[in-house]
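K.L.:
File final_22.cif follows (mmCIF, C-alpha atoms and all ligand atoms):
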```cif
data_input
loop_
_atom_site.group_PDB
_atom_site.id
_atom_site.type_symbol
_atom_site.label_atom_id
_atom_site.label_comp_id
_atom_site.auth_asym_id
_atom_site.auth_seq_id
_atom_site.Cartn_x
_atom_site.Cartn_y
_atom_site.Cartn_z
ATOM 1 C CA MET M 821 -6.073 -12.428 18.290
ATOM 2 C CA SER M 822 -7.839 -12.755 21.620
ATOM 3 C CA GLY M 823 -8.512 -9.028 22.041
ATOM 4 C CA GLY M 824 -7.192 -6.719 24.689
ATOM 5 C CA MET M 825 -3.774 -5.128 24.766
ATOM 6 C CA GLU M 826 -1.055 -6.931 22.947
ATOM 7 C CA THR M 827 2.215 -6.818 24.856
ATOM 8 C CA GLY M 828 5.467 -5.856 23.189
ATOM 9 C CA ARG M 829 6.652 -9.414 23.451
ATOM 10 C CA GLN M 830 3.497 -10.807 21.827
ATOM 11 C CA ARG M 831 3.852 -8.283 19.032
ATOM 12 C CA LEU M 832 7.457 -9.344 18.497
ATOM 13 C CA GLU M 833 6.560 -13.012 18.485
ATOM 14 C CA ARG M 834 3.747 -12.426 16.019
ATOM 15 C CA ALA M 835 6.043 -10.448 13.703
ATOM 16 C CA ARG M 836 8.677 -13.166 14.014
ATOM 17 C CA ALA M 837 6.163 -15.895 13.123
ATOM 18 C CA GLU M 838 5.123 -13.858 10.086
ATOM 19 C CA VAL M 839 8.743 -13.617 8.901
ATOM 20 C CA GLU M 840 9.154 -17.362 9.456
ATOM 21 C CA ARG M 841 6.181 -17.976 7.143
ATOM 22 C CA GLN M 842 7.714 -15.645 4.535
ATOM 23 C CA ILE M 843 11.010 -17.519 4.744
ATOM 24 C CA ALA M 844 9.281 -20.873 4.234
ATOM 25 C CA ALA M 845 7.372 -19.502 1.223
ATOM 26 C CA LEU M 846 10.471 -17.883 -0.290
ATOM 27 C CA ALA M 847 12.587 -21.000 0.251
ATOM 28 C CA ALA M 848 9.931 -23.051 -1.581
ATOM 29 C CA GLU M 849 9.825 -20.468 -4.368
ATOM 30 C CA LEU M 850 13.603 -20.506 -4.668
ATOM 31 C CA ALA M 851 13.587 -24.304 -4.896
ATOM 32 C CA ASP M 852 11.028 -24.036 -7.725
ATOM 33 C CA VAL M 853 13.148 -21.484 -9.583
ATOM 34 C CA MET M 854 16.248 -23.659 -9.163
ATOM 35 C CA ALA M 855 14.346 -26.675 -10.484
ATOM 36 C CA ALA M 856 13.140 -24.597 -13.443
ATOM 37 C CA ALA M 857 16.719 -23.454 -14.071
ATOM 38 C CA ARG M 858 17.966 -27.036 -14.056
ATOM 39 C CA SER M 859 15.336 -28.241 -16.526
ATOM 40 C CA ALA M 860 15.892 -25.194 -18.791
ATOM 41 C CA ASN M 861 19.623 -25.916 -18.834
ATOM 42 C CA ALA M 862 18.994 -29.573 -19.500
ATOM 43 C CA ASP M 863 16.884 -28.762 -22.542
ATOM 44 C CA ASP M 864 19.133 -26.162 -24.107
ATOM 45 C CA GLU M 865 21.885 -24.182 -22.450
ATOM 46 C CA HIS M 866 21.406 -21.294 -24.882
ATOM 47 C CA ASP M 867 17.741 -21.023 -23.962
ATOM 48 C CA PRO M 868 16.861 -17.284 -23.600
ATOM 49 C CA GLU M 869 14.696 -18.323 -20.650
ATOM 50 C CA GLY M 870 17.931 -18.887 -18.782
ATOM 51 C CA ALA M 871 18.577 -15.164 -18.250
ATOM 52 C CA THR M 872 15.038 -14.609 -16.986
ATOM 53 C CA ILE M 873 15.343 -17.508 -14.592
ATOM 54 C CA GLY M 874 18.700 -16.239 -13.369
ATOM 55 C CA PHE M 875 17.201 -12.814 -12.665
ATOM 56 C CA GLU M 876 14.245 -14.360 -10.877
ATOM 57 C CA ARG M 877 16.526 -16.560 -8.828
ATOM 58 C CA ALA M 878 18.615 -13.544 -7.754
ATOM 59 C CA GLN M 879 15.472 -11.636 -6.790
ATOM 60 C CA VAL M 880 14.005 -14.464 -4.724
ATOM 61 C CA ALA M 881 17.391 -15.109 -3.107
ATOM 62 C CA ALA M 882 17.644 -11.408 -2.153
ATOM 63 C CA LEU M 883 14.142 -11.451 -0.643
ATOM 64 C CA LEU M 884 15.009 -14.615 1.262
ATOM 65 C CA ALA M 885 18.226 -13.081 2.603
ATOM 66 C CA GLY M 886 16.293 -9.974 3.712
ATOM 67 C CA ALA M 887 13.686 -12.097 5.502
ATOM 68 C CA GLN M 888 16.412 -14.107 7.249
ATOM 69 C CA ARG M 889 18.037 -10.875 8.382
ATOM 70 C CA ARG M 890 14.696 -9.706 9.820
ATOM 71 C CA LEU M 891 14.285 -13.034 11.584
ATOM 72 C CA ALA M 892 17.703 -12.569 13.203
ATOM 73 C CA GLU M 893 16.681 -9.043 14.267
ATOM 74 C CA PHE M 894 13.526 -10.374 15.898
ATOM 75 C CA ASP M 895 15.466 -13.125 17.665
ATOM 76 C CA ASP M 896 17.824 -10.475 18.887
ATOM 77 C CA ALA M 897 14.960 -8.271 20.121
ATOM 78 C CA LEU M 898 13.456 -11.251 21.971
ATOM 79 C CA LEU M 899 16.806 -11.823 23.673
ATOM 80 C CA ARG M 900 16.840 -8.179 24.754
ATOM 81 C CA PHE M 901 13.427 -8.811 26.281
ATOM 82 C CA ASP M 902 14.898 -11.582 28.402
ATOM 83 C CA VAL M 903 17.627 -9.332 29.783
ATOM 84 C CA ASP M 904 15.302 -6.334 30.162
ATOM 85 C CA THR M 905 17.015 -4.080 27.657
ATOM 86 C CA TYR M 906 14.199 -4.257 25.125
ATOM 87 C CA GLY M 907 12.777 -0.835 24.299
ATOM 88 C CA VAL M 908 15.882 0.919 25.608
ATOM 89 C CA CYS M 909 17.847 2.946 23.076
ATOM 90 C CA GLU M 910 21.261 1.318 22.723
ATOM 91 C CA SER M 911 22.777 4.642 21.815
ATOM 92 C CA CYS M 912 21.526 7.045 24.537
ATOM 93 C CA GLY M 913 19.973 4.618 27.040
ATOM 94 C CA LEU M 914 16.603 6.365 27.090
ATOM 95 C CA PRO M 915 13.345 4.464 26.513
ATOM 96 C CA ILE M 916 12.188 4.144 22.912
ATOM 97 C CA SER M 917 8.638 5.456 22.451
ATOM 98 C CA ALA M 918 5.798 2.931 22.390
ATOM 99 C CA GLU M 919 4.654 4.369 19.044
ATOM 100 C CA ARG M 920 8.057 3.690 17.489
ATOM 101 C CA LEU M 921 8.158 0.148 18.903
ATOM 102 C CA ALA M 922 4.655 -0.505 17.592
ATOM 103 C CA VAL M 923 5.793 0.280 14.047
ATOM 104 C CA LEU M 924 9.326 -1.160 14.319
ATOM 105 C CA PRO M 925 9.242 -3.884 16.998
ATOM 106 C CA SER M 926 12.909 -4.828 16.544
ATOM 107 C CA VAL M 927 14.271 -1.262 16.448
ATOM 108 C CA ARG M 928 17.343 -0.617 18.639
ATOM 109 C CA THR M 929 17.525 3.157 18.817
ATOM 110 C CA CYS M 930 15.165 5.988 19.692
ATOM 111 C CA LEU M 931 13.969 8.342 16.981
ATOM 112 C CA ALA M 932 16.313 11.164 18.050
ATOM 113 C CA CYS M 933 19.383 8.906 17.837
ATOM 114 C CA ALA M 934 18.215 7.360 14.551
ATOM 115 C CA ARG M 935 17.939 10.878 13.091
ATOM 116 C CA ARG M 936 21.394 11.844 14.308
ATOM 117 C CA ARG M 937 23.028 8.993 12.400
HETATM 118 ZN ZN ZN M 1001 18.581 7.319 21.748
#
```
Could you express the structure from this file as structure tokens?
P.N.:
Amino acid sequence: MSGGMETGRQRLERARAEVERQIAALAAELADVMAAARSANADDEHDPEGATIGFERAQVAALLAGAQRRLAEFDDALLRFDVDTYGVCESCGLPISAERLAVLPSVRTCLACARRR
């Protein structure tokens, strides 16, 4: 980072890039697990390894789905930046605190509204 104050948009873009890296890593991991599953099945379909691989595959797939969901949230937050509704609570219309946005850059509601839900 080049020092100084990071803007909300820069923070969002950095968080988005981080999620993109996670997705690439998880997709590669999933491909490895799938390849392992294929070779285990090829050797012996009653291989007890099969259950372990299936569990691992489900776990990696769930992590990947979660990361893709976060990516969509960041894309959405960046769009809100473009139309100037970023940082505005979509429930009550009041500004979301800078502290809350620092921790949750893609959050859509203020703390008060989030607590009411
Ligand atoms: Zn609110």
K.L.:
Report as a ChimeraX atom specification which protein, DNA and RNA residues come within 6 Å of ligand ZN 1001 (chain M), using all atoms listed in the file.
P.N.:
/M:909,911-912,914,929-930,932-933
K.L.:
Of the candidates M:Asp896, M:Asp904, M:Glu910, M:Glu849, which shows the shortest atom-to-atom distance to Ser926 of chain M, using only C-alpha atoms?
P.N.:
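Among M:Asp896, M:Asp904, M:Glu910, M:Glu849, it is M:Asp896 that comes nearest to Ser926 of chain M.
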K.L.:
Counting all atoms listed in the file, I want the residues whose atoms come within 12 Å of (17.2, -15.9, -10.6) in the file frame, returned as a PDB file with C-alpha atoms, in the frame of the given file.
P.N.:
```pdb
ATOM      1  CA  GLU M 849       9.825 -20.468  -4.368  1.00  0.00           C
ATOM      2  CA  LEU M 850      13.603 -20.506  -4.668  1.00  0.00           C
ATOM      3  CA  ALA M 851      13.587 -24.304  -4.896  1.00  0.00           C
ATOM      4  CA  ASP M 852      11.028 -24.036  -7.725  1.00  0.00           C
ATOM      5  CA  VAL M 853      13.148 -21.484  -9.583  1.00  0.00           C
ATOM      6  CA  MET M 854      16.248 -23.659  -9.163  1.00  0.00           C
ATOM      7  CA  ALA M 855      14.346 -26.675 -10.484  1.00  0.00           C
ATOM      8  CA  ALA M 856      13.140 -24.597 -13.443  1.00  0.00           C
ATOM      9  CA  ALA M 857      16.719 -23.454 -14.071  1.00  0.00           C
ATOM     10  CA  ARG M 858      17.966 -27.036 -14.056  1.00  0.00           C
ATOM     11  CA  GLU M 869      14.696 -18.323 -20.650  1.00  0.00           C
ATOM     12  CA  GLY M 870      17.931 -18.887 -18.782  1.00  0.00           C
ATOM     13  CA  ALA M 871      18.577 -15.164 -18.250  1.00  0.00           C
ATOM     14  CA  THR M 872      15.038 -14.609 -16.986  1.00  0.00           C
ATOM     15  CA  ILE M 873      15.343 -17.508 -14.592  1.00  0.00           C
ATOM     16  CA  GLY M 874      18.700 -16.239 -13.369  1.00  0.00           C
ATOM     17  CA  PHE M 875      17.201 -12.814 -12.665  1.00  0.00           C
ATOM     18  CA  GLU M 876      14.245 -14.360 -10.877  1.00  0.00           C
ATOM     19  CA  ARG M 877      16.526 -16.560  -8.828  1.00  0.00           C
ATOM     20  CA  ALA M 878      18.615 -13.544  -7.754  1.00  0.00           C
ATOM     21  CA  GLN M 879      15.472 -11.636  -6.790  1.00  0.00           C
ATOM     22  CA  VAL M 880      14.005 -14.464  -4.724  1.00  0.00           C
ATOM     23  CA  ALA M 881      17.391 -15.109  -3.107  1.00  0.00           C
ATOM     24  CA  ALA M 882      17.644 -11.408  -2.153  1.00  0.00           C
ATOM     25  CA  LEU M 883      14.142 -11.451  -0.643  1.00  0.00           C
TER      26      LEU M 883
END
```
K.L.:
Which neighbours of segment 826-833 of chain M fall inside 6 Å, counting all atoms listed in the file, when residues of the same chain fewer than 2 positions from it are skipped, and could you give them as a count of residues only?
P.N.:
3
K.L.:
Please write as a ChimeraX atom specification the list of polymer residues whose atoms come within 12 Å of (10.7, -18.8, 4.4), counting only C-alpha atoms and keeping to the coordinates of the file.
P.N.:
/M:836-851,880-881,883-891
K.L.:
One decimal, Å: what's the distance from atom CA of Arg937 of chain M over to atom CA of Val903 of chain M, could you say?
P.N.:
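Result for atom CA of Arg937 of chain M versus atom CA of Val903 of chain M: 25.8 Å, one decimal.
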K.L.:
So the first atom is atom CA of Arg935 of chain M and the second is atom CA of Met825 of chain M; what is the distance between them in Å, to one decimal place?
P.N.:
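For atom CA of Arg935 of chain M relative to atom CA of Met825 of chain M, the distance reads 29.4 Å.
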K.L.:
Each side padded by 4 Å, which centre and which edge lengths in Å (one decimal) define the axis-aligned box around the listed atoms of segment 921-924 of chain M? Give them as lines of an AutoDock Vina configuration file.
P.N.:
```
center_x = 7.0
center_y = -0.4
center_z = 16.5
size_x = 12.7
size_y = 9.4
size_z = 12.9
```
K.L.:
Using atom CA of Ser917 of chain M and atom CA of Phe894 of chain M as the two end points, give the distance in Å to one decimal.
P.N.:
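About the pair atom CA of Ser917 of chain M and atom CA of Phe894 of chain M: they are 17.8 Å apart.
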